[in-house]
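A short write-up of the structure that comes next.
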Amino acid sequence: MKKAFAIILALTIMLASTVGASAQAAQPVTSVTVSSGLYGGKDNSLVYTDPRQIALLLSFLPTGGKPAAVSPTEAPGGGVAAIVSFTRNGKGEEWVFYSDRYRRTAPTIMQNWNASTEAVYDTLLQLSGLDAETRIFTRSTQVYYKGEKVTALYSLDGKDYSYQPVTDLARIVPMLEKRPPDNSRNAAELGFLLFTEKGKYTWSLSDDSVYAVLPLGEPASPQRTAWTGAVNSATDLATLSALYNDGLYGRRAQWLTYMSEEKIEAIYFSAWGGRNYTNSGSLGNFGIGVNTSDKESIRRIAAFLKGLDVPENPRVTNLNGIDYGMSTVAGLYDLRIKFNTGAIYHIFGYDSGMSIVSSELNKMMHYEVSQRQINALRDFLAMLPDTQLTPFSAS
């Protein structure tokens, strides 16, 4: 009798333990923090409590992976990292994503990270505040243009309607100080665009000779050695602009790079997310709606757009007006930017590709932006704090 009682008691305890464990396992994650670790430290944190956004964030983590047991300062490349932290089943988890060469190298997580999910990595870095331009220019030596702190510098590639980041600020900015900016938006083959903490300045070099661009080549290759030698020996801005148009840090869409975020009044976005549209397909489809005038959200969206890589040879179409009220159908995404000058940018596309129209110009620029980047754009906008996510409806 005692033995039977002992067995029943043991089974009862095991059942209670199983129920307790199941209840603990079913405990939902109620808060997720995404923060940045740029060369040590954490800042620019965003805290998420919306269950749908939490589910989206957790879906980004590698299946079967393990949290990274490393601090951002220990990561290769100086600790450029996005940090996702939360409490699950009573235990704290921290995932660290880092890149060892900005956007040029596939991302890595310390354990079990699949490099094919680079779009997810881009999204997490953007959410953490480590946009592409921050990752590039923060490493540059602090430079001032006529007493104003320089925040970014680009070389103009007029034939491809693009700007390319230039990190050699200490050399180029003093040369620019000796030549008055023209602040012109006229078409030019070459030039520079400089952003400071107080504004922006442009130099058009279309009157100078257009120089052939040397092939960049891989590091330590003869082509790279020749390119580096040409840069070091160049003495005029036109030659340097041509040489810097090499794609080392990617190409940026000309109009998106040129825009001033402080002049943006509002941003509107609509698209589908989830299955077949973004990197979070396991969650099913959902609508993404953005209608924001929040300055921090605008700053983050502008930074994301400025950091998009675009290929060479965009298609240019002359227009006679444009319908800015395009509806979002099928896989279309529709983004509009309203400036305090009255100008409007209309940006749209499908699974890949990006068309840009400005109300100030009768042209449409179409860049073959990769599906990976468009996925990252949708997921990024779905995760902004003031975004509205709506369940999919077949009706």
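Residues in the structure tokens are named by chain (A, B, ... in the order shown) and by number from 1 within that chain; ligands are numbered from 1 in the order shown.
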Worksheet entry | All residues 8 Å or closer to region 281-298 of chain A, only C-alpha atoms, same chain fewer than 4 positions away omitted, as number ranges by chain | A: 55-56, 59, 261, 264-277, 302, 378, 381-382, 384-392
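For Val47 (chain A), the set of protein, DNA and RNA residues having any atom at most 10 Å away, when counting only C-alpha atoms and skipping those fewer than 5 positions along the same chain, is Ser31, Val32, Thr33, Val34, Ser35, Ile54, Val84, Ser85, Phe86 and Pro385 of chain A.
Nearest to Gly349 (chain A) of all the residues A:Glu312, A:Asp334, A:Glu94, A:Glu189 is A:Asp334, based on only C-alpha atoms.
As for CA of Phe339 (chain A) and CA of Asn183 (chain A), they are spaced 18.6 Å apart.
Using only C-alpha atoms, the nearest neighbour of Glu197 (chain A) within the list A:Leu308, A:Val150, A:Ala170, A:Met365 is A:Val150.
Here CA of Tyr201 (chain A) and CA of Pro181 (chain A) stand 6.1 Å from one another.
You will find CA of Thr87 (chain A) at 14.0 Å from CA of Pro51 (chain A).
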Item to complete: Report as number ranges by chain: the residues of region 115-182 of chain A with a DSSP assignment of alpha helix (DSSP H), based on the backbone of this structure.
Response: A: 118-128, 132-137, 169-177
Resulting file, chosen residues, N, CA and C atoms, as a PDB file, in the first residue's frame:
ATOM      1  N   GLU A 118      20.941  38.481 -44.498  1.00  0.00           N
ATOM      2  CA  GLU A 118      21.550  39.799 -44.355  1.00  0.00           C
ATOM      3  C   GLU A 118      20.514  40.909 -44.248  1.00  0.00           C
ATOM      4  N   ALA A 119      19.360  40.720 -44.901  1.00  0.00           N
ATOM      5  CA  ALA A 119      18.327  41.745 -44.818  1.00  0.00           C
ATOM      6  C   ALA A 119      17.844  41.930 -43.385  1.00  0.00           C
ATOM      7  N   VAL A 120      17.741  40.836 -42.650  1.00  0.00           N
ATOM      8  CA  VAL A 120      17.355  40.918 -41.243  1.00  0.00           C
ATOM      9  C   VAL A 120      18.401  41.698 -40.465  1.00  0.00           C
ATOM     10  N   TYR A 121      19.652  41.422 -40.741  1.00  0.00           N
ATOM     11  CA  TYR A 121      20.751  42.143 -40.082  1.00  0.00           C
ATOM     12  C   TYR A 121      20.654  43.641 -40.365  1.00  0.00           C
ATOM     13  N   ASP A 122      20.427  44.001 -41.618  1.00  0.00           N
ATOM     14  CA  ASP A 122      20.284  45.421 -41.964  1.00  0.00           C
ATOM     15  C   ASP A 122      19.141  46.054 -41.185  1.00  0.00           C
ATOM     16  N   THR A 123      18.024  45.339 -41.102  1.00  0.00           N
ATOM     17  CA  THR A 123      16.869  45.857 -40.376  1.00  0.00           C
ATOM     18  C   THR A 123      17.212  46.103 -38.911  1.00  0.00           C
ATOM     19  N   LEU A 124      17.877  45.151 -38.284  1.00  0.00           N
ATOM     20  CA  LEU A 124      18.219  45.294 -36.870  1.00  0.00           C
ATOM     21  C   LEU A 124      19.187  46.451 -36.646  1.00  0.00           C
ATOM     22  N   LEU A 125      20.168  46.613 -37.534  1.00  0.00           N
ATOM     23  CA  LEU A 125      21.091  47.728 -37.382  1.00  0.00           C
ATOM     24  C   LEU A 125      20.365  49.064 -37.535  1.00  0.00           C
ATOM     25  N   GLN A 126      19.451  49.149 -38.490  1.00  0.00           N
ATOM     26  CA  GLN A 126      18.697  50.376 -38.679  1.00  0.00           C
ATOM     27  C   GLN A 126      17.855  50.681 -37.442  1.00  0.00           C
ATOM     28  N   LEU A 127      17.188  49.664 -36.903  1.00  0.00           N
ATOM     29  CA  LEU A 127      16.360  49.870 -35.720  1.00  0.00           C
ATOM     30  C   LEU A 127      17.201  50.303 -34.527  1.00  0.00           C
ATOM     31  N   SER A 128      18.423  49.797 -34.441  1.00  0.00           N
ATOM     32  CA  SER A 128      19.282  50.128 -33.311  1.00  0.00           C
ATOM     33  C   SER A 128      19.871  51.525 -33.432  1.00  0.00           C
ATOM     34  N   ALA A 132      23.491  52.863 -42.223  1.00  0.00           N
ATOM     35  CA  ALA A 132      24.682  52.633 -43.038  1.00  0.00           C
ATOM     36  C   ALA A 132      25.661  53.800 -42.979  1.00  0.00           C
ATOM     37  N   GLU A 133      25.142  55.034 -43.036  1.00  0.00           N
ATOM     38  CA  GLU A 133      26.047  56.179 -43.072  1.00  0.00           C
ATOM     39  C   GLU A 133      26.727  56.385 -41.721  1.00  0.00           C
ATOM     40  N   THR A 134      26.015  56.117 -40.639  1.00  0.00           N
ATOM     41  CA  THR A 134      26.644  56.210 -39.322  1.00  0.00           C
ATOM     42  C   THR A 134      27.797  55.229 -39.214  1.00  0.00           C
ATOM     43  N   ARG A 135      27.576  54.014 -39.728  1.00  0.00           N
ATOM     44  CA  ARG A 135      28.623  53.001 -39.655  1.00  0.00           C
ATOM     45  C   ARG A 135      29.843  53.399 -40.483  1.00  0.00           C
ATOM     46  N   ILE A 136      29.637  54.134 -41.553  1.00  0.00           N
ATOM     47  CA  ILE A 136      30.748  54.529 -42.418  1.00  0.00           C
ATOM     48  C   ILE A 136      31.476  55.747 -41.866  1.00  0.00           C
ATOM     49  N   PHE A 137      30.729  56.799 -41.516  1.00  0.00           N
ATOM     50  CA  PHE A 137      31.369  58.078 -41.229  1.00  0.00           C
ATOM     51  C   PHE A 137      31.827  58.232 -39.781  1.00  0.00           C
ATOM     52  N   LEU A 169      37.810  62.348 -45.299  1.00  0.00           N
ATOM     53  CA  LEU A 169      37.372  63.713 -45.003  1.00  0.00           C
ATOM     54  C   LEU A 169      38.561  64.635 -44.751  1.00  0.00           C
ATOM     55  N   ALA A 170      39.559  64.140 -44.051  1.00  0.00           N
ATOM     56  CA  ALA A 170      40.687  64.997 -43.666  1.00  0.00           C
ATOM     57  C   ALA A 170      41.416  65.545 -44.878  1.00  0.00           C
ATOM     58  N   ARG A 171      41.349  64.846 -45.997  1.00  0.00           N
ATOM     59  CA  ARG A 171      42.020  65.332 -47.206  1.00  0.00           C
ATOM     60  C   ARG A 171      41.107  66.200 -48.057  1.00  0.00           C
ATOM     61  N   ILE A 172      39.855  65.785 -48.233  1.00  0.00           N
ATOM     62  CA  ILE A 172      38.971  66.454 -49.190  1.00  0.00           C
ATOM     63  C   ILE A 172      38.399  67.757 -48.647  1.00  0.00           C
ATOM     64  N   VAL A 173      37.986  67.782 -47.387  1.00  0.00           N
ATOM     65  CA  VAL A 173      37.332  68.974 -46.848  1.00  0.00           C
ATOM     66  C   VAL A 173      38.219  70.219 -46.944  1.00  0.00           C
ATOM     67  N   PRO A 174      39.504  70.173 -46.593  1.00  0.00           N
ATOM     68  CA  PRO A 174      40.344  71.376 -46.777  1.00  0.00           C
ATOM     69  C   PRO A 174      40.408  71.832 -48.226  1.00  0.00           C
ATOM     70  N   MET A 175      40.372  70.906 -49.177  1.00  0.00           N
ATOM     71  CA  MET A 175      40.358  71.288 -50.590  1.00  0.00           C
ATOM     72  C   MET A 175      39.047  71.976 -50.947  1.00  0.00           C
ATOM     73  N   LEU A 176      37.934  71.494 -50.376  1.00  0.00           N
ATOM     74  CA  LEU A 176      36.642  72.110 -50.652  1.00  0.00           C
ATOM     75  C   LEU A 176      36.557  73.520 -50.050  1.00  0.00           C
ATOM     76  N   GLU A 177      37.213  73.728 -48.921  1.00  0.00           N
ATOM     77  CA  GLU A 177      37.192  75.055 -48.296  1.00  0.00           C
ATOM     78  C   GLU A 177      37.820  76.119 -49.190  1.00  0.00           C
TER      79      GLU A 177
END
Discussion item. If we count only C-alpha atoms and set the cut-off at 8 Å, which residues sit around Val310 (chain A), ignoring sequence neighbours fewer than 6 positions away in its own chain? Please answer as number ranges by chain.
Written reply: A: 162, 250-253, 367-369
